[in-house]
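Single-structure report; data block below.
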Amino acid sequence: MDRALREAQAAAARGEVPVGAVVTDEAGTLLAAAGNEVEARCDPTAHAEILALREAAHRLGSPRLPGCTLTVTLEPCPMCAQAASFFRVKRIVFGAYDPKGGGVDHGARIFAAPSCHHVPEVIGGVRETDCAALLRGFFEARR
């Protein structure tokens, strides 16, 4: 989560919503790290999770990431949760919960849907205070 938080801080410094994500393999080796790049790429799908998952898959030369863990500072939105399912990650670890836009424990609850073909292990609330404080501070500064 430390690396994901650093990616989120870097995203905030670029004016992006401060969300960071990393993908690690079963041994804990870092495969990919990213922060949001929605504004920079003019692409609403350039969420940290999507960018990190794509980079990890490219690095491994496979469209699937079995055994890998996606660690992200914010509960994945429905798009990112579904992407994690399609990438077949073993586990998702996230920090802050997102009652408004989340897609794992809130909102669409992607992994509870009968149409979801792969359900990863989910661990939420890891360093929740730190992750939530970063987001809160970012948005308070813009109001």
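Residue names in the structure tokens use chain letters A, B, ... in the order shown, residue numbers from 1 in each chain, and ligand numbers from 1 in the order shown.
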
Among chain A, which residues carry a DSSP assignment of strand (DSSP E or B), reported as a PDB file with N, CA, C and O atoms, in the first residue's frame?
ATOM      1  N   GLY A  20      -3.903   5.635  -6.507  1.00  0.00           N
ATOM      2  CA  GLY A  20      -2.733   4.902  -6.967  1.00  0.00           C
ATOM      3  C   GLY A  20      -2.983   3.412  -6.880  1.00  0.00           C
ATOM      4  O   GLY A  20      -3.746   2.954  -6.024  1.00  0.00           O
ATOM      5  N   ALA A  21      -2.341   2.669  -7.766  1.00  0.00           N
ATOM      6  CA  ALA A  21      -2.515   1.214  -7.796  1.00  0.00           C
ATOM      7  C   ALA A  21      -1.210   0.529  -8.145  1.00  0.00           C
ATOM      8  O   ALA A  21      -0.387   1.084  -8.877  1.00  0.00           O
ATOM      9  N   VAL A  22      -1.040  -0.658  -7.606  1.00  0.00           N
ATOM     10  CA  VAL A  22       0.107  -1.494  -7.941  1.00  0.00           C
ATOM     11  C   VAL A  22      -0.374  -2.921  -8.166  1.00  0.00           C
ATOM     12  O   VAL A  22      -1.389  -3.336  -7.605  1.00  0.00           O
ATOM     13  N   VAL A  23       0.358  -3.645  -8.978  1.00  0.00           N
ATOM     14  CA  VAL A  23       0.107  -5.071  -9.186  1.00  0.00           C
ATOM     15  C   VAL A  23       1.380  -5.802  -8.801  1.00  0.00           C
ATOM     16  O   VAL A  23       2.478  -5.442  -9.259  1.00  0.00           O
ATOM     17  N   THR A  24       1.224  -6.810  -7.952  1.00  0.00           N
ATOM     18  CA  THR A  24       2.352  -7.636  -7.522  1.00  0.00           C
ATOM     19  C   THR A  24       2.052  -9.093  -7.849  1.00  0.00           C
ATOM     20  O   THR A  24       0.884  -9.504  -7.911  1.00  0.00           O
ATOM     21  N   LEU A  30       6.925  -6.389  -7.533  1.00  0.00           N
ATOM     22  CA  LEU A  30       6.167  -5.348  -8.202  1.00  0.00           C
ATOM     23  C   LEU A  30       6.210  -5.560  -9.718  1.00  0.00           C
ATOM     24  O   LEU A  30       7.273  -5.619 -10.312  1.00  0.00           O
ATOM     25  N   LEU A  31       5.036  -5.669 -10.334  1.00  0.00           N
ATOM     26  CA  LEU A  31       4.943  -5.810 -11.785  1.00  0.00           C
ATOM     27  C   LEU A  31       4.582  -4.493 -12.448  1.00  0.00           C
ATOM     28  O   LEU A  31       4.985  -4.225 -13.577  1.00  0.00           O
ATOM     29  N   ALA A  32       3.785  -3.677 -11.745  1.00  0.00           N
ATOM     30  CA  ALA A  32       3.323  -2.421 -12.333  1.00  0.00           C
ATOM     31  C   ALA A  32       2.840  -1.489 -11.237  1.00  0.00           C
ATOM     32  O   ALA A  32       2.374  -1.932 -10.188  1.00  0.00           O
ATOM     33  N   ALA A  33       2.957  -0.194 -11.516  1.00  0.00           N
ATOM     34  CA  ALA A  33       2.468   0.836 -10.597  1.00  0.00           C
ATOM     35  C   ALA A  33       1.961   1.999 -11.431  1.00  0.00           C
ATOM     36  O   ALA A  33       2.553   2.336 -12.460  1.00  0.00           O
ATOM     37  N   ALA A  34       0.868   2.605 -10.991  1.00  0.00           N
ATOM     38  CA  ALA A  34       0.295   3.716 -11.746  1.00  0.00           C
ATOM     39  C   ALA A  34      -0.572   4.582 -10.843  1.00  0.00           C
ATOM     40  O   ALA A  34      -1.068   4.126  -9.822  1.00  0.00           O
ATOM     41  N   GLY A  35      -0.724   5.818 -11.269  1.00  0.00           N
ATOM     42  CA  GLY A  35      -1.677   6.731 -10.657  1.00  0.00           C
ATOM     43  C   GLY A  35      -2.659   7.137 -11.727  1.00  0.00           C
ATOM     44  O   GLY A  35      -2.427   6.912 -12.917  1.00  0.00           O
ATOM     45  N   THR A  69      -1.899  -9.736  -7.194  1.00  0.00           N
ATOM     46  CA  THR A  69      -2.688  -8.890  -6.297  1.00  0.00           C
ATOM     47  C   THR A  69      -2.701  -7.476  -6.839  1.00  0.00           C
ATOM     48  O   THR A  69      -1.652  -6.929  -7.186  1.00  0.00           O
ATOM     49  N   LEU A  70      -3.888  -6.906  -6.913  1.00  0.00           N
ATOM     50  CA  LEU A  70      -4.077  -5.500  -7.258  1.00  0.00           C
ATOM     51  C   LEU A  70      -4.294  -4.762  -5.951  1.00  0.00           C
ATOM     52  O   LEU A  70      -5.236  -5.059  -5.217  1.00  0.00           O
ATOM     53  N   THR A  71      -3.408  -3.824  -5.649  1.00  0.00           N
ATOM     54  CA  THR A  71      -3.530  -3.011  -4.448  1.00  0.00           C
ATOM     55  C   THR A  71      -3.811  -1.588  -4.884  1.00  0.00           C
ATOM     56  O   THR A  71      -3.075  -1.030  -5.703  1.00  0.00           O
ATOM     57  N   VAL A  72      -4.868  -0.997  -4.337  1.00  0.00           N
ATOM     58  CA  VAL A  72      -5.303   0.326  -4.778  1.00  0.00           C
ATOM     59  C   VAL A  72      -5.757   1.143  -3.571  1.00  0.00           C
ATOM     60  O   VAL A  72      -6.260   0.595  -2.592  1.00  0.00           O
ATOM     61  N   THR A  73      -5.561   2.441  -3.644  1.00  0.00           N
ATOM     62  CA  THR A  73      -5.853   3.308  -2.506  1.00  0.00           C
ATOM     63  C   THR A  73      -7.334   3.570  -2.290  1.00  0.00           C
ATOM     64  O   THR A  73      -7.727   4.008  -1.216  1.00  0.00           O
ATOM     65  N   LEU A  74      -8.171   3.303  -3.291  1.00  0.00           N
ATOM     66  CA  LEU A  74      -9.606   3.545  -3.200  1.00  0.00           C
ATOM     67  C   LEU A  74     -10.354   2.330  -3.720  1.00  0.00           C
ATOM     68  O   LEU A  74      -9.920   1.704  -4.698  1.00  0.00           O
ATOM     69  N   ARG A  91      -6.399 -11.421  -6.021  1.00  0.00           N
ATOM     70  CA  ARG A  91      -6.788 -10.641  -4.843  1.00  0.00           C
ATOM     71  C   ARG A  91      -6.819  -9.159  -5.169  1.00  0.00           C
ATOM     72  O   ARG A  91      -5.995  -8.674  -5.945  1.00  0.00           O
ATOM     73  N   ILE A  92      -7.749  -8.460  -4.531  1.00  0.00           N
ATOM     74  CA  ILE A  92      -7.785  -7.000  -4.565  1.00  0.00           C
ATOM     75  C   ILE A  92      -7.682  -6.517  -3.125  1.00  0.00           C
ATOM     76  O   ILE A  92      -8.444  -6.957  -2.256  1.00  0.00           O
ATOM     77  N   VAL A  93      -6.729  -5.629  -2.904  1.00  0.00           N
ATOM     78  CA  VAL A  93      -6.566  -4.994  -1.597  1.00  0.00           C
ATOM     79  C   VAL A  93      -6.800  -3.507  -1.825  1.00  0.00           C
ATOM     80  O   VAL A  93      -6.174  -2.921  -2.704  1.00  0.00           O
ATOM     81  N   PHE A  94      -7.710  -2.902  -1.063  1.00  0.00           N
ATOM     82  CA  PHE A  94      -7.922  -1.474  -1.232  1.00  0.00           C
ATOM     83  C   PHE A  94      -7.958  -0.762   0.106  1.00  0.00           C
ATOM     84  O   PHE A  94      -8.181  -1.373   1.144  1.00  0.00           O
ATOM     85  N   GLY A  95      -7.726   0.558   0.043  1.00  0.00           N
ATOM     86  CA  GLY A  95      -7.665   1.372   1.242  1.00  0.00           C
ATOM     87  C   GLY A  95      -9.004   1.967   1.625  1.00  0.00           C
ATOM     88  O   GLY A  95      -9.752   1.392   2.409  1.00  0.00           O
ATOM     89  N   ALA A  96      -9.318   3.124   1.065  1.00  0.00           N
ATOM     90  CA  ALA A  96     -10.541   3.839   1.416  1.00  0.00           C
ATOM     91  C   ALA A  96     -11.752   3.215   0.735  1.00  0.00           C
ATOM     92  O   ALA A  96     -11.682   2.793  -0.414  1.00  0.00           O
ATOM     93  N   GLU A 121     -10.405 -12.623  -4.206  1.00  0.00           N
ATOM     94  CA  GLU A 121     -10.456 -12.331  -2.774  1.00  0.00           C
ATOM     95  C   GLU A 121     -10.387 -10.813  -2.640  1.00  0.00           C
ATOM     96  O   GLU A 121      -9.645 -10.155  -3.373  1.00  0.00           O
ATOM     97  N   VAL A 122     -11.145 -10.243  -1.718  1.00  0.00           N
ATOM     98  CA  VAL A 122     -11.153  -8.794  -1.526  1.00  0.00           C
ATOM     99  C   VAL A 122     -10.847  -8.472  -0.072  1.00  0.00           C
ATOM    100  O   VAL A 122     -11.461  -9.030   0.841  1.00  0.00           O
ATOM    101  N   ILE A 123      -9.894  -7.569   0.119  1.00  0.00           N
ATOM    102  CA  ILE A 123      -9.536  -7.081   1.452  1.00  0.00           C
ATOM    103  C   ILE A 123      -9.631  -5.564   1.416  1.00  0.00           C
ATOM    104  O   ILE A 123      -8.866  -4.916   0.705  1.00  0.00           O
TER     105      ILE A 123
END

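Close contacts of A:Asp105, defined as residues with an atom at most 10 Å away when counting only C-alpha atoms, with chain neighbours fewer than 6 positions off set aside, comprise A:Glu75, A:Pro76, A:Cys77, A:Tyr97, A:Asp98, A:Pro99, A:Phe111, A:Ala112, A:Val122, A:Gly124.
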
Neighbouring residues of A:Glu26 were defined as those with any atom within 10 Å, considering only C-alpha atoms; residues of the same chain fewer than 3 positions away were excluded. Please report them as a PDB file with N, CA and C atoms, in the first residue's frame.
ATOM      1  N   THR A  29       6.597  -9.444  -5.870  1.00  0.00           N
ATOM      2  CA  THR A  29       7.395  -8.626  -6.778  1.00  0.00           C
ATOM      3  C   THR A  29       6.495  -7.638  -7.510  1.00  0.00           C
ATOM      4  N   LEU A  30       6.925  -6.389  -7.533  1.00  0.00           N
ATOM      5  CA  LEU A  30       6.167  -5.348  -8.202  1.00  0.00           C
ATOM      6  C   LEU A  30       6.210  -5.560  -9.718  1.00  0.00           C
ATOM      7  N   PRO A  66      -3.342 -14.471 -13.047  1.00  0.00           N
ATOM      8  CA  PRO A  66      -3.639 -15.349 -11.913  1.00  0.00           C
ATOM      9  C   PRO A  66      -2.500 -15.295 -10.896  1.00  0.00           C
ATOM     10  N   GLY A  67      -2.850 -15.297  -9.657  1.00  0.00           N
ATOM     11  CA  GLY A  67      -1.834 -15.229  -8.617  1.00  0.00           C
ATOM     12  C   GLY A  67      -1.419 -13.824  -8.268  1.00  0.00           C
ATOM     13  N   CYS A  68      -1.867 -12.845  -9.033  1.00  0.00           N
ATOM     14  CA  CYS A  68      -1.460 -11.456  -8.788  1.00  0.00           C
ATOM     15  C   CYS A  68      -2.432 -10.741  -7.855  1.00  0.00           C
ATOM     16  N   THR A  69      -1.899  -9.736  -7.194  1.00  0.00           N
ATOM     17  CA  THR A  69      -2.688  -8.890  -6.297  1.00  0.00           C
ATOM     18  C   THR A  69      -2.701  -7.476  -6.839  1.00  0.00           C
ATOM     19  N   LYS A  90      -5.967 -12.590  -8.476  1.00  0.00           N
ATOM     20  CA  LYS A  90      -6.262 -13.445  -7.323  1.00  0.00           C
ATOM     21  C   LYS A  90      -6.895 -12.636  -6.196  1.00  0.00           C
TER      22      LYS A  90
END

*For A:Asp25, the nearest of the candidates A:His117, A:Lys100, A:Ala83, A:Ala56, counting only C-alpha atoms*: A:Ala56

_Minimum-distance residue to A:Arg142, chosen among A:Val17, A:Met79, A:Leu60, A:Ile110 (using only C-alpha atoms)_ =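 Of the candidates, the smallest distance to A:Arg142 is held by A:Val17.
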
Can you tell me, as a PDB file with C-alpha atoms, in the first residue's frame, which residues in stretch 12-60 of chain A count as alpha helix (DSSP H) by DSSP?
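Output (out19.pdb):
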ATOM      1  CA  ALA A  12      -2.471  14.595  -6.991  1.00  0.00           C
ATOM      2  CA  ALA A  13       0.658  16.629  -7.762  1.00  0.00           C
ATOM      3  CA  VAL A  38      -7.645  10.670 -16.702  1.00  0.00           C
ATOM      4  CA  GLU A  39      -6.909  14.380 -17.249  1.00  0.00           C
ATOM      5  CA  ALA A  40      -3.492  13.929 -18.839  1.00  0.00           C
ATOM      6  CA  ARG A  41      -4.747  11.362 -21.356  1.00  0.00           C
ATOM      7  CA  ALA A  48      -4.843   3.822 -11.864  1.00  0.00           C
ATOM      8  CA  GLU A  49      -6.135   0.260 -11.678  1.00  0.00           C
ATOM      9  CA  ILE A  50      -6.669  -0.083 -15.427  1.00  0.00           C
ATOM     10  CA  LEU A  51      -3.233   1.345 -16.200  1.00  0.00           C
ATOM     11  CA  ALA A  52      -1.486  -0.916 -13.676  1.00  0.00           C
ATOM     12  CA  LEU A  53      -3.363  -4.033 -14.795  1.00  0.00           C
ATOM     13  CA  ARG A  54      -2.546  -3.351 -18.447  1.00  0.00           C
ATOM     14  CA  GLU A  55       1.124  -2.772 -17.673  1.00  0.00           C
ATOM     15  CA  ALA A  56       1.372  -5.958 -15.591  1.00  0.00           C
ATOM     16  CA  ALA A  57      -0.306  -8.031 -18.319  1.00  0.00           C
ATOM     17  CA  HIS A  58       2.016  -6.562 -20.925  1.00  0.00           C
ATOM     18  CA  ARG A  59       5.029  -7.280 -18.738  1.00  0.00           C
ATOM     19  CA  LEU A  60       3.948 -10.894 -18.212  1.00  0.00           C
TER      20      LEU A  60
END

*Find the residues near A:Phe87: any atom within 7 Å, counting only C-alpha atoms, skip ones fewer than 6 places away on the same chain, and give them as JSON, numbers by chain.*
{"A": [63, 64, 65]}

*How many Å separate atom CA of A:Cys131 from atom CA of A:Leu5?*
7.0 Å
